[in-house]
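Colleague: If it helps, the file is called coords-v6.txt and holds compact mmCIF, N, CA and C atoms:
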# COMPACT_ATOMS: atom_id res chain seq x y z
N MET A 33 -12.39 10.18 -28.18
CA MET A 33 -13.04 10.30 -26.90
C MET A 33 -12.65 11.67 -26.32
N ASP A 34 -13.63 12.39 -25.82
CA ASP A 34 -13.34 13.71 -25.26
C ASP A 34 -12.88 13.60 -23.80
N ARG A 35 -12.43 14.71 -23.26
CA ARG A 35 -11.88 14.75 -21.90
C ARG A 35 -12.92 14.32 -20.85
N PHE A 36 -14.16 14.77 -20.99
CA PHE A 36 -15.21 14.43 -20.04
C PHE A 36 -15.44 12.92 -20.00
N THR A 37 -15.54 12.31 -21.19
CA THR A 37 -15.79 10.88 -21.28
C THR A 37 -14.66 10.08 -20.65
N SER A 38 -13.42 10.49 -20.90
CA SER A 38 -12.28 9.74 -20.33
C SER A 38 -12.25 9.88 -18.81
N ARG A 39 -12.59 11.06 -18.27
CA ARG A 39 -12.65 11.25 -16.81
C ARG A 39 -13.79 10.42 -16.21
N LEU A 40 -14.91 10.37 -16.88
CA LEU A 40 -16.05 9.58 -16.41
C LEU A 40 -15.69 8.10 -16.36
N GLN A 41 -15.05 7.62 -17.42
CA GLN A 41 -14.66 6.21 -17.45
C GLN A 41 -13.64 5.90 -16.34
N ALA A 42 -12.70 6.79 -16.09
CA ALA A 42 -11.72 6.59 -15.02
C ALA A 42 -12.41 6.55 -13.66
N GLY A 43 -13.38 7.43 -13.44
CA GLY A 43 -14.13 7.44 -12.19
C GLY A 43 -14.93 6.17 -11.99
N LEU A 44 -15.57 5.71 -13.05
CA LEU A 44 -16.34 4.47 -12.96
C LEU A 44 -15.44 3.27 -12.66
N LYS A 45 -14.24 3.26 -13.23
CA LYS A 45 -13.30 2.18 -12.97
C LYS A 45 -12.90 2.15 -11.49
N ARG A 46 -12.67 3.35 -10.89
CA ARG A 46 -12.34 3.41 -9.46
C ARG A 46 -13.48 2.92 -8.60
N VAL A 47 -14.72 3.28 -8.96
CA VAL A 47 -15.89 2.83 -8.20
C VAL A 47 -16.02 1.32 -8.29
N GLN A 48 -15.83 0.76 -9.48
CA GLN A 48 -15.91 -0.69 -9.65
C GLN A 48 -14.87 -1.39 -8.80
N MET A 49 -13.64 -0.81 -8.71
CA MET A 49 -12.59 -1.40 -7.91
C MET A 49 -12.98 -1.41 -6.43
N GLU A 50 -13.60 -0.33 -5.96
CA GLU A 50 -14.03 -0.27 -4.56
C GLU A 50 -15.07 -1.35 -4.27
N PHE A 51 -15.98 -1.62 -5.20
CA PHE A 51 -16.98 -2.66 -5.00
C PHE A 51 -16.36 -4.05 -4.97
N ARG A 52 -15.23 -4.24 -5.67
CA ARG A 52 -14.57 -5.55 -5.70
C ARG A 52 -13.79 -5.83 -4.43
N ARG A 53 -13.45 -4.80 -3.67
CA ARG A 53 -12.66 -4.99 -2.45
C ARG A 53 -13.45 -5.79 -1.43
N ALA A 54 -12.75 -6.70 -0.77
CA ALA A 54 -13.38 -7.50 0.28
C ALA A 54 -13.64 -6.64 1.51
N GLU A 55 -12.77 -5.63 1.72
CA GLU A 55 -12.89 -4.76 2.90
C GLU A 55 -12.58 -3.33 2.49
N PRO A 56 -13.21 -2.36 3.15
CA PRO A 56 -12.92 -0.97 2.80
C PRO A 56 -11.52 -0.57 3.24
N ARG A 57 -10.92 0.36 2.51
CA ARG A 57 -9.59 0.88 2.85
C ARG A 57 -9.73 2.11 3.74
N VAL A 58 -8.72 2.31 4.60
CA VAL A 58 -8.66 3.45 5.51
C VAL A 58 -7.37 4.21 5.22
N GLU A 59 -7.44 5.55 5.15
CA GLU A 59 -6.22 6.33 4.96
C GLU A 59 -5.27 6.03 6.11
N ALA A 60 -3.99 5.81 5.80
CA ALA A 60 -3.06 5.39 6.84
C ALA A 60 -1.85 6.34 6.97
N TYR A 61 -1.25 6.73 5.85
CA TYR A 61 -0.06 7.60 5.85
C TYR A 61 0.99 7.15 6.85
N ARG A 62 1.48 5.93 6.65
CA ARG A 62 2.50 5.33 7.51
C ARG A 62 3.77 5.13 6.70
N PRO A 63 4.94 5.30 7.31
CA PRO A 63 6.18 4.97 6.61
C PRO A 63 6.41 3.47 6.68
N GLY A 64 7.20 2.97 5.76
CA GLY A 64 7.51 1.55 5.77
C GLY A 64 8.73 1.25 4.93
N ARG A 65 9.02 0.00 4.81
CA ARG A 65 10.15 -0.45 4.01
C ARG A 65 9.77 -1.75 3.32
N MET A 66 10.03 -1.80 2.02
CA MET A 66 9.81 -2.99 1.21
C MET A 66 11.15 -3.70 1.09
N VAL A 67 11.17 -5.01 1.37
CA VAL A 67 12.40 -5.80 1.30
C VAL A 67 12.16 -6.99 0.37
N TRP A 68 13.07 -7.16 -0.58
CA TRP A 68 12.96 -8.25 -1.53
C TRP A 68 13.08 -9.58 -0.77
N PRO A 69 12.45 -10.65 -1.27
CA PRO A 69 12.43 -11.93 -0.54
C PRO A 69 13.81 -12.54 -0.34
N ASP A 70 14.75 -12.28 -1.25
CA ASP A 70 16.11 -12.82 -1.09
C ASP A 70 17.02 -11.86 -0.31
N LEU A 71 16.43 -10.77 0.20
CA LEU A 71 17.12 -9.74 1.00
C LEU A 71 18.18 -8.99 0.20
N SER A 72 18.10 -9.04 -1.14
CA SER A 72 19.10 -8.40 -1.98
C SER A 72 18.88 -6.90 -2.14
N ALA A 73 17.69 -6.43 -1.84
CA ALA A 73 17.39 -5.00 -2.01
C ALA A 73 16.25 -4.60 -1.09
N SER A 74 16.17 -3.30 -0.84
CA SER A 74 15.04 -2.77 -0.07
C SER A 74 14.83 -1.32 -0.47
N ARG A 75 13.62 -0.82 -0.22
CA ARG A 75 13.26 0.56 -0.57
C ARG A 75 12.35 1.12 0.50
N ASP A 76 12.53 2.42 0.81
CA ASP A 76 11.58 3.12 1.67
C ASP A 76 10.31 3.36 0.89
N ILE A 77 9.18 3.22 1.56
CA ILE A 77 7.88 3.45 0.92
C ILE A 77 7.00 4.21 1.90
N SER A 78 5.88 4.69 1.41
CA SER A 78 4.83 5.27 2.25
C SER A 78 3.54 4.52 1.97
N ILE A 79 2.82 4.22 3.02
CA ILE A 79 1.53 3.56 2.88
C ILE A 79 0.48 4.65 2.84
N LEU A 80 -0.32 4.65 1.78
CA LEU A 80 -1.35 5.68 1.61
C LEU A 80 -2.66 5.27 2.25
N ASP A 81 -3.06 4.02 2.02
CA ASP A 81 -4.27 3.51 2.65
C ASP A 81 -4.12 2.01 2.83
N MET A 82 -4.93 1.47 3.72
CA MET A 82 -4.83 0.04 3.97
C MET A 82 -6.11 -0.53 4.53
N SER A 83 -6.22 -1.84 4.43
CA SER A 83 -7.29 -2.61 5.06
C SER A 83 -6.57 -3.77 5.76
N PRO A 84 -7.28 -4.60 6.50
CA PRO A 84 -6.60 -5.75 7.12
C PRO A 84 -6.00 -6.74 6.10
N SER A 85 -6.43 -6.65 4.84
CA SER A 85 -5.96 -7.61 3.85
C SER A 85 -5.08 -7.02 2.75
N GLY A 86 -4.83 -5.70 2.76
CA GLY A 86 -3.99 -5.13 1.72
C GLY A 86 -3.77 -3.65 1.91
N ALA A 87 -2.99 -3.06 0.98
CA ALA A 87 -2.65 -1.64 1.10
C ALA A 87 -2.29 -1.06 -0.27
N LYS A 88 -2.30 0.26 -0.31
CA LYS A 88 -1.77 0.99 -1.46
C LYS A 88 -0.53 1.72 -0.97
N ILE A 89 0.61 1.46 -1.63
CA ILE A 89 1.86 2.08 -1.22
C ILE A 89 2.42 2.93 -2.35
N THR A 90 3.35 3.81 -2.00
CA THR A 90 4.00 4.63 -3.01
C THR A 90 5.49 4.75 -2.71
N PHE A 91 6.25 4.90 -3.76
CA PHE A 91 7.68 5.15 -3.63
C PHE A 91 7.94 6.66 -3.59
N GLY A 92 6.93 7.45 -3.85
CA GLY A 92 7.08 8.90 -3.91
C GLY A 92 7.19 9.35 -5.35
N GLU A 93 6.62 10.50 -5.62
CA GLU A 93 6.61 11.03 -6.97
C GLU A 93 8.02 11.28 -7.47
N GLY A 94 8.29 10.83 -8.66
CA GLY A 94 9.60 11.05 -9.27
C GLY A 94 10.66 10.07 -8.82
N ALA A 95 10.31 9.11 -7.97
CA ALA A 95 11.29 8.13 -7.49
C ALA A 95 11.69 7.20 -8.64
N MET A 96 12.94 6.77 -8.62
CA MET A 96 13.38 5.80 -9.60
C MET A 96 12.75 4.46 -9.23
N LEU A 97 11.96 3.91 -10.12
CA LEU A 97 11.18 2.72 -9.80
C LEU A 97 11.96 1.45 -10.09
N PRO A 98 12.08 0.59 -9.09
CA PRO A 98 12.78 -0.67 -9.31
C PRO A 98 11.85 -1.69 -9.97
N GLU A 99 12.44 -2.76 -10.47
CA GLU A 99 11.66 -3.90 -10.93
C GLU A 99 11.21 -4.64 -9.67
N LEU A 100 9.92 -4.66 -9.43
CA LEU A 100 9.41 -5.21 -8.17
C LEU A 100 9.21 -6.72 -8.27
N PRO A 101 9.55 -7.43 -7.21
CA PRO A 101 9.26 -8.87 -7.19
C PRO A 101 7.77 -9.09 -6.99
N ARG A 102 7.30 -10.26 -7.32
CA ARG A 102 5.87 -10.57 -7.13
C ARG A 102 5.52 -10.64 -5.64
N GLU A 103 6.41 -11.21 -4.84
CA GLU A 103 6.21 -11.26 -3.39
C GLU A 103 7.40 -10.60 -2.71
N PHE A 104 7.13 -9.98 -1.55
CA PHE A 104 8.18 -9.28 -0.81
C PHE A 104 7.72 -9.09 0.63
N TYR A 105 8.65 -8.63 1.47
CA TYR A 105 8.33 -8.31 2.86
C TYR A 105 8.01 -6.82 2.94
N LEU A 106 7.05 -6.49 3.78
CA LEU A 106 6.70 -5.09 4.03
C LEU A 106 6.79 -4.86 5.54
N PHE A 107 7.67 -3.94 5.92
CA PHE A 107 7.80 -3.53 7.32
C PHE A 107 7.06 -2.22 7.48
N ILE A 108 6.06 -2.20 8.34
CA ILE A 108 5.27 -0.99 8.57
C ILE A 108 5.71 -0.37 9.89
N HIS A 109 6.06 0.90 9.83
CA HIS A 109 6.55 1.61 11.02
C HIS A 109 5.40 2.24 11.78
N GLY A 110 5.46 2.13 13.07
CA GLY A 110 4.47 2.76 13.94
C GLY A 110 4.98 4.09 14.45
N VAL A 111 4.39 4.58 15.50
CA VAL A 111 4.77 5.85 16.11
C VAL A 111 6.22 5.75 16.58
N GLY A 112 7.00 6.80 16.33
CA GLY A 112 8.39 6.82 16.75
C GLY A 112 9.33 6.11 15.80
N GLY A 113 8.81 5.59 14.68
CA GLY A 113 9.65 4.95 13.68
C GLY A 113 9.96 3.49 13.95
N HIS A 114 9.46 2.94 15.05
CA HIS A 114 9.71 1.52 15.36
C HIS A 114 8.89 0.64 14.42
N VAL A 115 9.46 -0.48 14.04
CA VAL A 115 8.73 -1.43 13.20
C VAL A 115 7.61 -2.03 14.04
N SER A 116 6.39 -1.86 13.57
CA SER A 116 5.24 -2.39 14.29
C SER A 116 4.83 -3.76 13.80
N VAL A 117 5.03 -4.00 12.50
CA VAL A 117 4.58 -5.27 11.94
C VAL A 117 5.39 -5.58 10.68
N ARG A 118 5.62 -6.88 10.46
CA ARG A 118 6.28 -7.35 9.25
C ARG A 118 5.30 -8.27 8.54
N LEU A 119 5.08 -8.00 7.26
CA LEU A 119 4.10 -8.77 6.49
C LEU A 119 4.73 -9.32 5.22
N VAL A 120 4.26 -10.47 4.78
CA VAL A 120 4.61 -10.98 3.46
C VAL A 120 3.50 -10.49 2.54
N CYS A 121 3.88 -9.86 1.43
CA CYS A 121 2.91 -9.25 0.52
C CYS A 121 3.07 -9.77 -0.90
N GLU A 122 1.99 -9.62 -1.64
CA GLU A 122 1.98 -9.94 -3.07
C GLU A 122 1.58 -8.69 -3.83
N LYS A 123 2.37 -8.34 -4.85
CA LYS A 123 2.03 -7.20 -5.69
C LYS A 123 0.82 -7.57 -6.54
N ARG A 124 -0.25 -6.76 -6.47
CA ARG A 124 -1.47 -7.02 -7.25
C ARG A 124 -1.55 -6.14 -8.48
N TRP A 125 -1.07 -4.89 -8.37
CA TRP A 125 -1.08 -3.98 -9.51
C TRP A 125 -0.03 -2.89 -9.27
N GLN A 126 0.37 -2.22 -10.36
CA GLN A 126 1.29 -1.09 -10.25
C GLN A 126 0.96 -0.09 -11.35
N ARG A 127 0.85 1.17 -10.94
CA ARG A 127 0.66 2.29 -11.87
C ARG A 127 1.65 3.36 -11.48
N ALA A 128 2.73 3.45 -12.27
CA ALA A 128 3.83 4.38 -11.98
C ALA A 128 4.34 4.11 -10.57
N GLU A 129 4.34 5.14 -9.69
CA GLU A 129 4.90 4.97 -8.35
C GLU A 129 3.92 4.37 -7.35
N LEU A 130 2.67 4.12 -7.75
CA LEU A 130 1.66 3.53 -6.86
C LEU A 130 1.60 2.01 -7.05
N VAL A 131 1.51 1.29 -5.93
CA VAL A 131 1.48 -0.17 -5.98
C VAL A 131 0.39 -0.68 -5.03
N GLY A 132 -0.45 -1.57 -5.52
CA GLY A 132 -1.45 -2.22 -4.69
C GLY A 132 -0.92 -3.57 -4.23
N VAL A 133 -0.99 -3.83 -2.92
CA VAL A 133 -0.47 -5.09 -2.38
C VAL A 133 -1.54 -5.83 -1.60
N LYS A 134 -1.43 -7.14 -1.63
CA LYS A 134 -2.29 -8.02 -0.83
C LYS A 134 -1.41 -8.64 0.24
N PHE A 135 -1.88 -8.62 1.48
CA PHE A 135 -1.16 -9.28 2.56
C PHE A 135 -1.44 -10.78 2.48
N ILE A 136 -0.40 -11.59 2.45
CA ILE A 136 -0.57 -13.04 2.36
C ILE A 136 -1.34 -13.54 3.58
N LYS A 137 -1.01 -13.03 4.74
CA LYS A 137 -1.75 -13.35 5.96
C LYS A 137 -2.43 -12.06 6.43
N LYS A 138 -3.73 -12.09 6.52
CA LYS A 138 -4.52 -10.92 6.93
C LYS A 138 -4.07 -10.41 8.30
N LEU A 139 -4.02 -9.08 8.46
CA LEU A 139 -3.67 -8.48 9.74
C LEU A 139 -4.71 -8.81 10.80
N GLU A 140 -4.25 -9.08 12.00
CA GLU A 140 -5.16 -9.25 13.13
C GLU A 140 -5.82 -7.89 13.40
N ASP A 141 -7.06 -7.91 13.89
CA ASP A 141 -7.79 -6.67 14.14
C ASP A 141 -7.01 -5.71 15.04
N ALA A 142 -6.38 -6.23 16.09
CA ALA A 142 -5.65 -5.37 17.03
C ALA A 142 -4.46 -4.69 16.34
N ASP A 143 -3.73 -5.43 15.48
CA ASP A 143 -2.60 -4.84 14.76
C ASP A 143 -3.08 -3.77 13.77
N PHE A 144 -4.16 -4.08 13.06
CA PHE A 144 -4.71 -3.12 12.10
C PHE A 144 -5.14 -1.84 12.81
N GLU A 145 -5.89 -1.98 13.87
CA GLU A 145 -6.37 -0.80 14.60
C GLU A 145 -5.21 0.01 15.16
N ARG A 146 -4.18 -0.65 15.65
CA ARG A 146 -3.01 0.05 16.19
C ARG A 146 -2.29 0.84 15.09
N LEU A 147 -2.18 0.27 13.90
CA LEU A 147 -1.49 0.95 12.80
C LEU A 147 -2.27 2.15 12.27
N VAL A 148 -3.57 1.99 12.07
CA VAL A 148 -4.33 3.10 11.49
C VAL A 148 -4.69 4.15 12.54
N ALA A 149 -4.64 3.79 13.83
CA ALA A 149 -4.96 4.76 14.87
C ALA A 149 -3.75 5.62 15.23
N ALA A 150 -2.56 5.20 14.78
CA ALA A 150 -1.35 5.98 15.08
C ALA A 150 -1.46 7.35 14.44
N ALA A 151 -0.83 8.33 15.05
CA ALA A 151 -0.89 9.71 14.56
C ALA A 151 -0.44 9.74 13.09
N PRO A 152 -1.22 10.34 12.19
CA PRO A 152 -0.83 10.39 10.79
C PRO A 152 0.42 11.24 10.62
N LEU A 153 1.23 10.83 9.65
CA LEU A 153 2.47 11.57 9.34
C LEU A 153 2.18 12.65 8.33
N GLU A 154 3.00 13.67 8.32
CA GLU A 154 2.88 14.71 7.30
C GLU A 154 3.23 14.10 5.97
N HIS A 155 2.49 14.44 4.94
CA HIS A 155 2.78 13.92 3.62
C HIS A 155 2.74 15.03 2.60
Represent the structure from my file as structure tokens, please.
Modeller:
Amino acid sequence: MDRFTSRLQAGLKRVQMEFRRAEPRVEAYRPGRMVWPDLSASRDISILDMSPSGAKITFGEGAMLPELPREFYLFIHGVGGHVSVRLVCEKRWQRAELVGVKFIKKLEDADFERLVAAAPLEH
């Protein structure tokens, strides 16, 4: 397979994923913290994009990647670094430092709008 064909297939796969989403994602660039369900470990993360029902998070390029639990807590920080919301999440996929998560309980519209309307952080 040549380079063009592999890029085309990768692009088509991303488009198919967008069609499967129940809701569109919005760029968020919010800091957060992932906490294991037994509270034995936690990691700083960055939220790249999100919808009321899920998000794409990253540990940062080159970060040492932990073995992730299937379910965990996600604390999303708002303006000023204060925790704005705590969610129970399920890991849906992982590709290197990128992780797709589903929120077990969908965000209320007011919470979602408050999080994505906050001033974006430098990334």
Colleague: So that I can see what lies close to Ala87 in chain A, please list as a list in words the residues with an atom at most 6.5 Å from it, counting only N, CA and C atoms and leaving out residues fewer than 5 positions away in the same chain.
Modeller: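 Near neighbours after the sequence-gap exclusion: Leu80, Asp81, Met82, Val131, Gly132, Val133, Lys134 and Phe135 of chain A.
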Colleague: Provide the CA of Gly86 in chain A to CA of Pro98 in chain A distance in Å, to one decimal place.
Modeller: 20.6 Å
Colleague: Using all atoms listed in the file, determine which residues lie at most 6 Å from Leu130 in chain A, disregarding the query and same-chain residues fewer than 4 positions distant; provide the list as a compact mmCIF listing (two decimals) with N, CA and C atoms, keeping the file's coordinate frame.
Modeller:
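Result saved to selection-v6.txt:
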# COMPACT_ATOMS: atom_id res chain seq x y z
N ILE A 89 0.61 1.46 -1.63
CA ILE A 89 1.86 2.08 -1.22
C ILE A 89 2.42 2.93 -2.35
N THR A 90 3.35 3.81 -2.00
CA THR A 90 4.00 4.63 -3.01
C THR A 90 5.49 4.75 -2.71
N PHE A 91 6.25 4.90 -3.76
CA PHE A 91 7.68 5.15 -3.63
C PHE A 91 7.94 6.66 -3.59
N TRP A 125 -1.07 -4.89 -8.37
CA TRP A 125 -1.08 -3.98 -9.51
C TRP A 125 -0.03 -2.89 -9.27
N GLN A 126 0.37 -2.22 -10.36
CA GLN A 126 1.29 -1.09 -10.25
C GLN A 126 0.96 -0.09 -11.35
Colleague: Report, in Å to a single decimal, how far apart atom N of Ser83 in chain A and atom N of Phe104 in chain A are.
Modeller: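 Those two atoms sit 16.7 Å apart.
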Colleague: Quick one: of A:Pro84, A:Phe107, A:Glu93, A:Leu100, who's nearest to Pro63 in chain A, counting only N, CA and C atoms?
Modeller: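 Result for the nearest residue to Pro63 in chain A: A:Phe107.
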Colleague: For CA of Phe144 in chain A and CA of Tyr105 in chain A, quote the distance in Å rounded to one decimal.
Modeller: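 Computed distance, CA of Phe144 in chain A to CA of Tyr105 in chain A, equals 16.8 Å.
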Colleague: Would you give me, as a ChimeraX atom specification, the residues in range 44-138 of chain A that DSSP reads as alpha helix (DSSP H)?
Modeller: /A:44-52
Colleague: Near Leu106 in chain A, within 6.5 Å and counting all atoms listed in the file, which residues show up once chain neighbours fewer than 6 positions away are dropped, as a list in words?
Modeller: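 So the residues in contact are Gly64, Arg65, Met66, Val67, Val117, Arg118, Leu119, Val120 and Cys121 of chain A.
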Colleague: Rank nothing, just name the residue among A:Leu139, A:Glu145, A:Glu129, A:Glu59 nearest to Leu97 in chain A, using all atoms listed in the file.
Modeller: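 Of A:Leu139, A:Glu145, A:Glu129, A:Glu59, the one nearest Leu97 in chain A is A:Glu129, counting all atoms listed in the file.
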Colleague: Looking at all atoms listed in the file, which of A:Ser116, A:Ala60, A:Ile79, A:Arg127 is the one that sits closest to Ala149 in chain A?
Modeller: A:Ala60
Colleague: Find, counting all atoms listed in the file, the residue in A:Pro69, A:Ser85, A:Gly92, A:Arg62 that gets nearest to Glu140 in chain A.
Modeller: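 Smallest distance to Glu140 in chain A is found for A:Ser85.
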